[in-house]
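Below: run.pdb (PDB, C-alpha atoms and all ligand atoms)
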ATOM      1  CA  MET A  26       2.231 -39.459  14.780
ATOM      2  CA  ARG A  27       4.465 -38.963  11.824
ATOM      3  CA  SER A  28       1.622 -38.050   9.413
ATOM      4  CA  ARG A  29       0.302 -35.436  11.844
ATOM      5  CA  LEU A  30       3.702 -33.757  11.874
ATOM      6  CA  VAL A  31       3.753 -33.581   8.080
ATOM      7  CA  PHE A  32       0.260 -32.087   8.068
ATOM      8  CA  VAL A  33       1.320 -29.265  10.392
ATOM      9  CA  VAL A  34       4.278 -28.387   8.189
ATOM     10  CA  VAL A  35       2.067 -28.225   5.080
ATOM     11  CA  VAL A  36      -0.440 -25.907   6.765
ATOM     12  CA  LEU A  37       2.293 -23.502   7.874
ATOM     13  CA  ALA A  38       3.771 -23.454   4.393
ATOM     14  CA  THR A  39       0.557 -22.246   2.806
ATOM     15  CA  THR A  40      -0.411 -19.509   5.260
ATOM     16  CA  ALA A  41       2.791 -17.441   5.247
ATOM     17  CA  PHE A  42       4.768 -15.854   2.452
ATOM     18  CA  LYS A  43       7.520 -18.156   1.211
ATOM     19  CA  PRO A  44      10.724 -16.156   0.582
ATOM     20  CA  THR A  45      11.997 -18.791  -1.853
ATOM     21  CA  THR A  46       9.213 -17.824  -4.296
ATOM     22  CA  ARG A  47      11.072 -16.344  -7.273
ATOM     23  CA  PRO A  48      10.570 -12.550  -7.442
ATOM     24  CA  GLU A  49       9.116 -12.739 -10.961
ATOM     25  CA  LYS A  50       6.457 -15.174  -9.691
ATOM     26  CA  ARG A  51       5.322 -13.061  -6.755
ATOM     27  CA  ASN A  52       2.117 -11.063  -6.386
ATOM     28  CA  ALA A  53       2.049  -8.000  -4.176
ATOM     29  CA  ILE A  54      -0.644  -6.107  -2.309
ATOM     30  CA  LEU A  55       0.200  -2.580  -1.169
ATOM     31  CA  ILE A  56      -2.257  -1.196   1.379
ATOM     32  CA  SER A  57      -2.502   2.432   2.468
ATOM     33  CA  TRP A  58      -4.246   3.317   5.720
ATOM     34  CA  ASP A  59      -4.849   7.005   5.081
ATOM     35  CA  GLY A  60      -3.632   9.096   8.019
ATOM     36  CA  ALA A  61      -2.405   6.230  10.213
ATOM     37  CA  LEU A  62       0.149   7.551  12.735
ATOM     38  CA  ARG A  63       2.857   4.994  13.523
ATOM     39  CA  GLU A  64       3.016   5.735  17.264
ATOM     40  CA  ARG A  65      -0.713   4.954  17.542
ATOM     41  CA  VAL A  66      -0.422   1.897  15.302
ATOM     42  CA  ARG A  67       2.453   0.530  17.403
ATOM     43  CA  ALA A  68       0.616   1.291  20.661
ATOM     44  CA  ASN A  69      -2.533  -0.476  19.443
ATOM     45  CA  VAL A  70      -0.556  -3.467  18.197
ATOM     46  CA  GLY A  71       1.038  -3.600  21.658
ATOM     47  CA  LYS A  72      -2.409  -3.650  23.284
ATOM     48  CA  GLY A  73      -3.488  -6.558  21.079
ATOM     49  CA  MET A  74      -6.070  -4.398  19.240
ATOM     50  CA  MET A  75      -4.620  -5.063  15.784
ATOM     51  CA  PRO A  76      -4.027  -8.834  15.635
ATOM     52  CA  ASN A  77      -3.789  -9.049  11.856
ATOM     53  CA  LEU A  78      -1.025  -6.472  11.478
ATOM     54  CA  ALA A  79       0.662  -8.223  14.413
ATOM     55  CA  ARG A  80       0.475 -11.539  12.534
ATOM     56  CA  LEU A  81       1.791  -9.957   9.330
ATOM     57  CA  MET A  82       4.795  -8.444  11.136
ATOM     58  CA  ARG A  83       5.539 -11.731  12.886
ATOM     59  CA  GLN A  84       6.005 -13.202   9.405
ATOM     60  CA  GLY A  85       8.059 -10.202   8.300
ATOM     61  CA  ALA A  86       8.537  -6.825   9.933
ATOM     62  CA  LEU A  87       7.080  -3.539  11.109
ATOM     63  CA  VAL A  88       9.587  -0.742  10.442
ATOM     64  CA  ASP A  89       9.443   3.014  10.897
ATOM     65  CA  ILE A  90       9.080   5.086   7.740
ATOM     66  CA  ASP A  91       9.391   8.876   7.548
ATOM     67  CA  VAL A  92       7.689  11.129   5.037
ATOM     68  CA  THR A  93      10.323  13.414   3.544
ATOM     69  CA  GLY A  94      10.494  15.991   0.781
ATOM     70  CA  HIS A  95       6.829  16.973   0.566
ATOM     71  CA  MET A  96       3.808  18.091   2.564
ATOM     72  CA  THR A  97       2.165  15.436   4.736
ATOM     73  CA  ASP A  98      -0.982  15.330   2.609
ATOM     74  CA  THR A  99      -2.887  12.591   0.809
ATOM     75  CA  LYS A 100      -1.953  13.660  -2.724
ATOM     76  CA  PRO A 101       1.856  13.862  -2.425
ATOM     77  CA  GLY A 102       1.974  10.886  -0.028
ATOM     78  CA  HIS A 103       0.335   8.548  -2.490
ATOM     79  CA  ALA A 104       2.147  10.072  -5.470
ATOM     80  CA  GLN A 105       5.462   9.253  -3.776
ATOM     81  CA  MET A 106       4.359   5.854  -2.416
ATOM     82  CA  LEU A 107       3.207   4.733  -5.861
ATOM     83  CA  THR A 108       6.103   6.132  -7.941
ATOM     84  CA  GLY A 109       9.141   6.407  -5.650
ATOM     85  CA  TYR A 110       9.791   9.906  -6.988
ATOM     86  CA  ASP A 111       9.978  13.240  -5.221
ATOM     87  CA  PRO A 112       7.677  16.162  -6.142
ATOM     88  CA  ASN A 113      10.231  17.668  -8.537
ATOM     89  CA  LEU A 114       9.453  14.712 -10.843
ATOM     90  CA  THR A 115       5.831  13.889  -9.967
ATOM     91  CA  GLY A 116       4.672  17.516  -9.805
ATOM     92  CA  VAL A 117       2.654  16.644  -6.671
ATOM     93  CA  TRP A 118       3.832  18.809  -3.753
ATOM     94  CA  SER A 119       0.694  19.117  -1.605
ATOM     95  CA  ASN A 120      -3.073  18.731  -1.797
ATOM     96  CA  THR A 121      -3.312  22.224  -3.321
ATOM     97  CA  LYS A 122      -0.080  22.362  -5.346
ATOM     98  CA  PHE A 123      -0.145  19.484  -7.793
ATOM     99  CA  GLY A 124      -0.474  18.291 -11.358
ATOM    100  CA  PRO A 125      -0.860  14.936 -13.086
ATOM    101  CA  ILE A 126       2.023  12.497 -12.468
ATOM    102  CA  PRO A 127       3.845  12.021 -15.807
ATOM    103  CA  ARG A 128       2.971   8.884 -17.750
ATOM    104  CA  GLY A 129       5.103   5.815 -17.049
ATOM    105  CA  TYR A 130       6.334   6.642 -13.525
ATOM    106  CA  SER A 131       3.995   4.518 -11.404
ATOM    107  CA  ILE A 132       4.533   1.029  -9.965
ATOM    108  CA  PHE A 133       1.618  -0.171 -12.132
ATOM    109  CA  GLU A 134       3.234   1.047 -15.367
ATOM    110  CA  ARG A 135       6.726  -0.133 -14.337
ATOM    111  CA  LEU A 136       5.371  -3.661 -13.773
ATOM    112  CA  HIS A 137       3.694  -3.677 -17.191
ATOM    113  CA  ASP A 138       6.909  -2.374 -18.783
ATOM    114  CA  ALA A 139       8.898  -5.195 -17.177
ATOM    115  CA  PHE A 140       6.453  -8.106 -17.543
ATOM    116  CA  GLY A 141       4.090  -7.077 -20.335
ATOM    117  CA  LYS A 142       0.465  -6.102 -20.415
ATOM    118  CA  ASP A 143      -0.613  -9.749 -20.095
ATOM    119  CA  GLY A 144       2.211 -10.821 -17.776
ATOM    120  CA  ILE A 145       0.685  -9.119 -14.751
ATOM    121  CA  ALA A 146      -2.628  -7.495 -13.801
ATOM    122  CA  THR A 147      -2.550  -4.202 -11.894
ATOM    123  CA  ILE A 148      -5.424  -2.853  -9.845
ATOM    124  CA  MET A 149      -5.855   0.506  -8.092
ATOM    125  CA  LEU A 150      -8.723   0.573  -5.598
ATOM    126  CA  THR A 151      -9.335   3.766  -3.619
ATOM    127  CA  GLY A 152     -11.898   5.141  -1.187
ATOM    128  CA  LYS A 153     -11.739   8.909  -1.664
ATOM    129  CA  GLY A 154     -13.459  11.053  -4.273
ATOM    130  CA  ALA A 155     -10.357  13.135  -4.961
ATOM    131  CA  ASN A 156      -6.672  13.420  -3.961
ATOM    132  CA  LEU A 157      -5.774  10.017  -5.378
ATOM    133  CA  GLY A 158      -8.124  10.614  -8.254
ATOM    134  CA  SER A 159      -7.930  10.495 -12.024
ATOM    135  CA  GLN A 160     -10.301  13.321 -13.005
ATOM    136  CA  ALA A 161      -9.316  15.587 -15.883
ATOM    137  CA  SER A 162      -8.605  19.259 -15.292
ATOM    138  CA  ASP A 163     -11.736  21.211 -14.507
ATOM    139  CA  ASN A 164     -12.684  24.756 -13.539
ATOM    140  CA  GLY A 165      -9.093  25.959 -13.562
ATOM    141  CA  PHE A 166      -7.932  23.084 -11.345
ATOM    142  CA  PRO A 167      -5.200  20.854 -12.787
ATOM    143  CA  SER A 168      -5.867  17.219 -13.600
ATOM    144  CA  GLU A 169      -5.743  14.909 -10.586
ATOM    145  CA  PRO A 170      -2.437  13.070  -9.880
ATOM    146  CA  PHE A 171      -3.497   9.763 -11.477
ATOM    147  CA  TYR A 172      -5.054  11.232 -14.632
ATOM    148  CA  LEU A 173      -2.172  10.082 -16.878
ATOM    149  CA  VAL A 174      -1.433   6.935 -14.827
ATOM    150  CA  ARG A 175      -4.954   5.508 -15.071
ATOM    151  CA  PRO A 176      -4.769   4.351 -18.752
ATOM    152  CA  GLY A 177      -1.724   2.227 -17.853
ATOM    153  CA  ILE A 178      -3.515   0.294 -15.081
ATOM    154  CA  THR A 179      -5.464  -2.924 -15.784
ATOM    155  CA  VAL A 180      -8.339  -2.034 -13.427
ATOM    156  CA  TRP A 181      -9.011   1.474 -12.164
ATOM    157  CA  ASP A 182     -11.535   1.529  -9.312
ATOM    158  CA  GLY A 183     -11.383   4.977  -7.776
ATOM    159  CA  ASP A 184     -12.758   8.532  -7.839
ATOM    160  CA  ARG A 185     -15.514   7.464  -5.409
ATOM    161  CA  ILE A 186     -15.949   7.763  -1.651
ATOM    162  CA  ARG A 187     -16.291   4.345  -0.030
ATOM    163  CA  SER A 188     -15.992   3.133   3.568
ATOM    164  CA  ASP A 189     -13.209   0.811   4.687
ATOM    165  CA  PRO A 190     -15.509  -2.263   4.863
ATOM    166  CA  ALA A 191     -16.807  -1.545   1.334
ATOM    167  CA  ILE A 192     -13.236  -1.188   0.044
ATOM    168  CA  GLY A 193     -12.247  -4.381   1.865
ATOM    169  CA  ASP A 194     -15.091  -6.335   0.227
ATOM    170  CA  ARG A 195     -14.097  -5.108  -3.233
ATOM    171  CA  ALA A 196     -10.478  -6.053  -2.545
ATOM    172  CA  LEU A 197     -11.540  -9.643  -1.831
ATOM    173  CA  ARG A 198     -13.364  -9.757  -5.169
ATOM    174  CA  TYR A 199     -10.255  -8.559  -7.033
ATOM    175  CA  ILE A 200      -8.113 -11.183  -5.317
ATOM    176  CA  ASP A 201     -10.653 -13.842  -6.311
ATOM    177  CA  ARG A 202     -10.708 -12.537  -9.904
ATOM    178  CA  PHE A 203      -6.941 -12.333 -10.403
ATOM    179  CA  ALA A 204      -5.632 -15.125  -8.154
ATOM    180  CA  LYS A 205      -5.042 -17.468 -11.105
ATOM    181  CA  GLY A 206      -2.615 -15.077 -12.761
ATOM    182  CA  ARG A 207      -0.046 -12.632 -11.435
ATOM    183  CA  PHE A 208      -1.189  -9.326  -9.917
ATOM    184  CA  PHE A 209      -0.274  -6.137  -8.098
ATOM    185  CA  LEU A 210      -3.133  -4.671  -6.068
ATOM    186  CA  PHE A 211      -3.057  -1.251  -4.422
ATOM    187  CA  ILE A 212      -5.780  -0.681  -1.825
ATOM    188  CA  HIS A 213      -6.535   2.659  -0.192
ATOM    189  CA  PHE A 214      -8.541   2.681   3.053
ATOM    190  CA  PRO A 215      -9.825   6.216   3.869
ATOM    191  CA  ASP A 216     -11.523   5.924   7.261
ATOM    192  CA  VAL A 217      -8.642   6.411   9.728
ATOM    193  CA  ASP A 218      -8.026   9.843   8.169
ATOM    194  CA  VAL A 219     -11.749  10.665   8.275
ATOM    195  CA  ALA A 220     -11.917   9.704  11.975
ATOM    196  CA  GLY A 221      -8.820  11.802  12.683
ATOM    197  CA  HIS A 222     -10.275  14.922  11.033
ATOM    198  CA  THR A 223     -13.650  14.432  12.722
ATOM    199  CA  TYR A 224     -12.725  13.249  16.249
ATOM    200  CA  GLY A 225      -8.974  13.786  16.503
ATOM    201  CA  GLU A 226      -5.935  11.530  16.671
ATOM    202  CA  GLY A 227      -5.984   9.712  20.002
ATOM    203  CA  SER A 228      -9.795   9.575  20.119
ATOM    204  CA  SER A 229     -11.575   6.269  20.610
ATOM    205  CA  GLU A 230     -13.033   6.746  17.102
ATOM    206  CA  TYR A 231      -9.543   7.019  15.581
ATOM    207  CA  ASP A 232      -8.508   3.825  17.383
ATOM    208  CA  ARG A 233     -11.732   2.128  16.285
ATOM    209  CA  ALA A 234     -10.994   3.030  12.641
ATOM    210  CA  LEU A 235      -7.549   1.421  12.993
ATOM    211  CA  VAL A 236      -9.230  -1.729  14.335
ATOM    212  CA  VAL A 237     -11.604  -1.821  11.349
ATOM    213  CA  ALA A 238      -8.707  -1.327   8.912
ATOM    214  CA  ASP A 239      -6.887  -4.162  10.674
ATOM    215  CA  SER A 240      -9.903  -6.477  10.389
ATOM    216  CA  CYS A 241     -10.038  -5.726   6.627
ATOM    217  CA  LEU A 242      -6.367  -6.757   6.481
ATOM    218  CA  GLY A 243      -7.304  -9.997   8.242
ATOM    219  CA  LYS A 244      -9.965 -10.770   5.623
ATOM    220  CA  ILE A 245      -7.480 -10.078   2.827
ATOM    221  CA  MET A 246      -4.943 -12.441   4.420
ATOM    222  CA  ALA A 247      -7.653 -15.097   4.816
ATOM    223  CA  GLU A 248      -8.624 -14.729   1.153
ATOM    224  CA  LEU A 249      -4.991 -15.193   0.061
ATOM    225  CA  LYS A 250      -4.941 -18.406   2.067
ATOM    226  CA  ALA A 251      -8.289 -19.568   0.634
ATOM    227  CA  GLN A 252      -6.988 -18.931  -2.897
ATOM    228  CA  HIS A 253      -3.751 -20.822  -2.076
ATOM    229  CA  ILE A 254      -1.584 -17.794  -2.936
ATOM    230  CA  ALA A 255      -0.533 -16.703   0.570
ATOM    231  CA  ASP A 256       2.904 -18.241   0.009
ATOM    232  CA  SER A 257       3.483 -16.245  -3.205
ATOM    233  CA  THR A 258       1.908 -12.909  -2.250
ATOM    234  CA  LEU A 259       3.781 -10.105  -0.536
ATOM    235  CA  VAL A 260       1.648  -7.790   1.584
ATOM    236  CA  TYR A 261       2.790  -4.278   2.495
ATOM    237  CA  VAL A 262       0.815  -1.944   4.767
ATOM    238  CA  SER A 263       1.735   1.733   4.999
ATOM    239  CA  ALA A 264       0.190   5.221   5.036
ATOM    240  CA  ASP A 265       0.282   8.409   2.982
ATOM    241  CA  HIS A 266       0.982  10.479   6.113
ATOM    242  CA  GLY A 267       0.538  10.221   9.866
ATOM    243  CA  PHE A 268      -1.417  12.593  12.107
ATOM    244  CA  ASP A 269      -0.436  15.428  14.443
ATOM    245  CA  GLN A 270      -0.842  13.769  17.853
ATOM    246  CA  GLY A 271      -4.007  14.732  19.723
ATOM    247  CA  THR A 272      -5.259  17.019  16.927
ATOM    248  CA  LYS A 273      -7.618  16.947  13.943
ATOM    249  CA  ARG A 274      -4.900  17.799  11.394
ATOM    250  CA  HIS A 275      -1.781  16.368   9.811
ATOM    251  CA  SER A 276       0.390  19.388   9.004
ATOM    252  CA  THR A 277       3.697  17.942  10.243
ATOM    253  CA  ALA A 278       2.774  14.277  10.291
ATOM    254  CA  THR A 279       5.887  12.564   8.960
ATOM    255  CA  HIS A 280       5.655   9.418  11.104
ATOM    256  CA  ILE A 281       4.383   6.437   9.138
ATOM    257  CA  PHE A 282       5.406   2.765   9.017
ATOM    258  CA  LEU A 283       5.727  -0.282   6.817
ATOM    259  CA  GLY A 284       4.209  -3.536   8.038
ATOM    260  CA  THR A 285       4.871  -6.547   5.853
ATOM    261  CA  ASN A 286       5.176 -10.321   5.528
ATOM    262  CA  ASP A 287       8.426  -9.650   3.637
ATOM    263  CA  ALA A 288      11.024 -10.870   6.151
ATOM    264  CA  ARG A 289      13.819  -9.302   4.095
ATOM    265  CA  VAL A 290      12.593  -5.843   5.148
ATOM    266  CA  ARG A 291      14.573  -4.909   8.245
ATOM    267  CA  THR A 292      15.570  -1.292   8.224
ATOM    268  CA  TYR A 293      14.030   2.084   8.868
ATOM    269  CA  GLY A 294      13.285   3.996   5.674
ATOM    270  CA  GLU A 295      11.585   6.872   3.924
ATOM    271  CA  GLN A 296       8.353   6.973   1.950
ATOM    272  CA  ARG A 297      10.333   7.177  -1.304
ATOM    273  CA  ASP A 298      11.811   3.720  -0.515
ATOM    274  CA  ILE A 299       8.469   1.892  -0.707
ATOM    275  CA  ALA A 300       8.147   1.842  -4.517
ATOM    276  CA  PRO A 301      11.686   0.568  -5.209
ATOM    277  CA  THR A 302      11.240  -2.071  -2.480
ATOM    278  CA  VAL A 303       8.014  -3.383  -4.051
ATOM    279  CA  LEU A 304       9.437  -3.294  -7.591
ATOM    280  CA  PHE A 305      12.664  -5.040  -6.566
ATOM    281  CA  GLU A 306      10.829  -7.739  -4.611
ATOM    282  CA  MET A 307       8.647  -8.365  -7.679
ATOM    283  CA  GLY A 308      11.678  -8.909  -9.901
ATOM    284  CA  VAL A 309      11.978  -5.542 -11.688
ATOM    285  CA  ASP A 310      15.540  -4.567 -12.664
ATOM    286  CA  LEU A 311      15.827  -1.136 -11.016
ATOM    287  CA  SER A 312      18.979  -0.279 -12.970
ATOM    288  CA  LYS A 313      16.842  -0.083 -16.131
ATOM    289  CA  ILE A 314      14.472   2.514 -14.672
ATOM    290  CA  THR A 315      14.791   6.137 -15.771
ATOM    291  CA  PRO A 316      14.800   8.652 -14.235
ATOM    292  CA  ARG A 317      16.780   6.869 -11.541
ATOM    293  CA  LEU A 318      14.704   6.165  -8.404
ATOM    294  CA  PRO A 319      16.017   8.287  -5.497
ATOM    295  CA  GLY A 320      15.018   5.794  -2.791
ATOM    296  CA  LYS A 321      16.619   2.580  -1.602
ATOM    297  CA  VAL A 322      15.395  -1.004  -1.441
ATOM    298  CA  LEU A 323      14.488  -1.820   2.177
ATOM    299  CA  ALA A 324      14.696  -5.586   1.588
ATOM    300  CA  LYS A 325      18.128  -7.037   2.358
TER     301      LYS A 325
HETATM  302 ZN    ZN B   1      -6.492  14.031   5.805
END
What does this structure look like when you write it as structure tokens?
Amino acid sequence: MRSRLVFVVVVLATTAFKPTTRPEKRNAILISWDGALRERVRANVGKGMMPNLARLMRQGALVDIDVTGHMTDTKPGHAQMLTGYDPNLTGVWSNTKFGPIPRGYSIFERLHDAFGKDGIATIMLTGKGANLGSQASDNGFPSEPFYLVRPGITVWDGDRIRSDPAIGDRALRYIDRFAKGRFFLFIHFPDVDVAGHTYGEGSSEYDRALVVADSCLGKIMAELKAQHIADSTLVYVSADHGFDQGTKRHSTATHIFLGTNDARVRTYGEQRDIAPTVLFEMGVDLSKITPRLPGKVLAK
């Protein structure tokens, strides 16, 4: 009887994030579900359609996040999510008004600055051909937002259109490859946005895309467990922008969310708070960062 009890405790300890893991020992995975509207996400979680996000939030939280200070587009959403800066510093205001994010501003580069090139691996994995791309300026168009960021990332895997399941499979391979060391992995899933533009927010196809994104999250969580790093890996799920309810566009789509196994996250926030929260929870001294990050740490 007694040994069975001990066994149960051990199993629980390895499947959930352990808050006592020192920040400088933690990995983090930041997931973006492109175009995921929080009202729909919450409704589908409530209906039991998204069991993996539900499990993640039971370990931590699901809080409302608002997009502020820029257009609700893919380019400025990801520029702000991955730097913590507003467009006046990133130069990324909308999908049509943008430039390359200045060198050194991204979460990837901040982590390398704090922990060294060999102290942590950083990976950026995306499923769109442009908007979170790294292509150089061409035909009078400016360079893509991540043109200057890309050289500072350990593994760049973007600039190509891929489906959510294909992105999910690649994510599992990166976790397998980097599980022995420390890593930060950003994963962009494009298909909720594609379903929204094609069939509309509120369509069965949009809901179906959320279910697929959620099942990819489940596989990622299972891989963390299989690699015995679930207790040391923070997982954050958010979006670049939401969707205008019942439409095929996202012109005023400020409603996003943050789902996480980080139980210290409790409060409502803004998109600019995501980067400082991730950096702080990974042990970066925010007081040393210049220019000063305008957002706040959501972990208390
Ligand atoms: Zn879109």
List the residues matched by the PyMOL selection byres (((chain A and resi 157) around 12) and not hetatm) in the displayed structure as an MDAnalysis selection string, ordered by chain and then by residue number.
-> chainID A and resid 57 59 98:107 117 119:120 123:126 149:156 158:160 168:172 174:175 181:186 211:215 265
How big is the axis-aligned box, and where does its centre sit, when it encloses all atoms of range 221-227 of chain A listed in the file and has 3 Å added on every side, reported in Å to one decimal as lines of an AutoDock Vina configuration file?
center_x = -9.8
center_y = 12.3
center_z = 15.5
size_x = 13.7
size_y = 11.2
size_z = 15.0
Could you please extract the residues within 7 Å of ligand ZN 1 (chain B), counting all atoms listed in the file, and hand them back as a count of residues only?
-> 8
Contact residues around Ala255 in chain A with only C-alpha atoms at 8 Å, ignoring same-chain residues under 2 positions, as a short mmCIF file (atom, residue, chain, number, x, y, z; two decimals) with C-alpha atoms, in the coordinates of the input:
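New file selection-v5.cif:
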data_model
loop_
_atom_site.label_atom_id
_atom_site.label_comp_id
_atom_site.auth_asym_id
_atom_site.auth_seq_id
_atom_site.Cartn_x
_atom_site.Cartn_y
_atom_site.Cartn_z
CA THR A 39 0.56 -22.25 2.81
CA THR A 40 -0.41 -19.51 5.26
CA ALA A 41 2.79 -17.44 5.25
CA PHE A 42 4.77 -15.85 2.45
CA MET A 246 -4.94 -12.44 4.42
CA LEU A 249 -4.99 -15.19 0.06
CA LYS A 250 -4.94 -18.41 2.07
CA GLN A 252 -6.99 -18.93 -2.90
CA HIS A 253 -3.75 -20.82 -2.08
CA SER A 257 3.48 -16.24 -3.20
CA THR A 258 1.91 -12.91 -2.25
CA LEU A 259 3.78 -10.10 -0.54
#
Can you work out which one of A:Leu114, A:Val303, A:Val262, A:Val236 has the shortest atom-to-atom distance to Gly284 in chain A, counting all atoms listed in the file?
-> A:Val262
Can you pull out every residue within 9 Å of Ile281 in chain A, counting all atoms listed in the file, but drop anything in the same chain fewer than 6 positions away, and send it as number ranges by chain?
-> A: 60-64, 88-92, 263-268, 295-296
CA of Ser228 in chain A to CA of Gly271 in chain A, distance in Å rounded to a single decimal |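 Between CA of Ser228 in chain A and CA of Gly271 in chain A the gap is 7.8 Å.
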Separation of CA of Thr179 in chain A and CA of Val322 in chain A, in Å?
->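 Between CA of Thr179 in chain A and CA of Val322 in chain A the gap is 25.4 Å.
Take CA of Thr285 in chain A and CA of Gly193 in chain A: the distance between them is 17.7 Å.
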I need the residue set behind the PyMOL selection byres (((chain A and resi 204) around 9) and not hetatm) for this file; please write it as number ranges by chain.
-> A: 52, 199-203, 205-208, 249, 252-254
Looking at A:Pro167, A:Gly109, A:Gly221, A:Gly243, which one is nearest to Pro76 in chain A, with distances taken over only C-alpha atoms?
->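 That would be A:Gly243, the residue with the smallest distance to Pro76 in chain A.
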Fewer than 4 positions away in the same chain doesn't count, so skip those; otherwise give me all residues within 12 Å of Ala139 in chain A, counting only C-alpha atoms, as JSON, numbers by chain.
-> {"A": [49, 129, 132, 133, 134, 135, 143, 144, 145, 304, 305, 307, 308, 309, 310, 311, 312, 313, 314]}
Go through A:Lys122, A:Lys325, A:Met82, A:Ala220 and flag the residue nearest Arg67 in chain A, using only C-alpha atoms for the distances.
->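 Nearest candidate to Arg67 in chain A out of A:Lys122, A:Lys325, A:Met82, A:Ala220: A:Met82.
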Choose the residue, out of A:Ala251, A:Ala300, A:Leu235, A:Leu323, that has the smallest atom-to-atom separation from Arg65 in chain A; count only C-alpha atoms.
->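 Using only C-alpha atoms, the shortest distance to Arg65 in chain A belongs to A:Leu235.
In terms of minimum interatomic distance to Arg51 in chain A, A:Phe140 ranks closest within A:Phe140, A:Ser131, A:Glu230, A:Met74, counting all atoms listed in the file.
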Within 10 Å of Arg289 in chain A using all atoms listed in the file, minus same-chain residues under 5 positions, as a PyMOL selection string = chain A and resi 44+85-86+306+323-325
From the set A:Gln84, A:Ser162, A:Thr121, A:Thr93, which residue has the shortest atom-to-atom contact distance to His280 in chain A, counting only C-alpha atoms?
->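 Closest to His280 in chain A, using only C-alpha atoms: A:Thr93.
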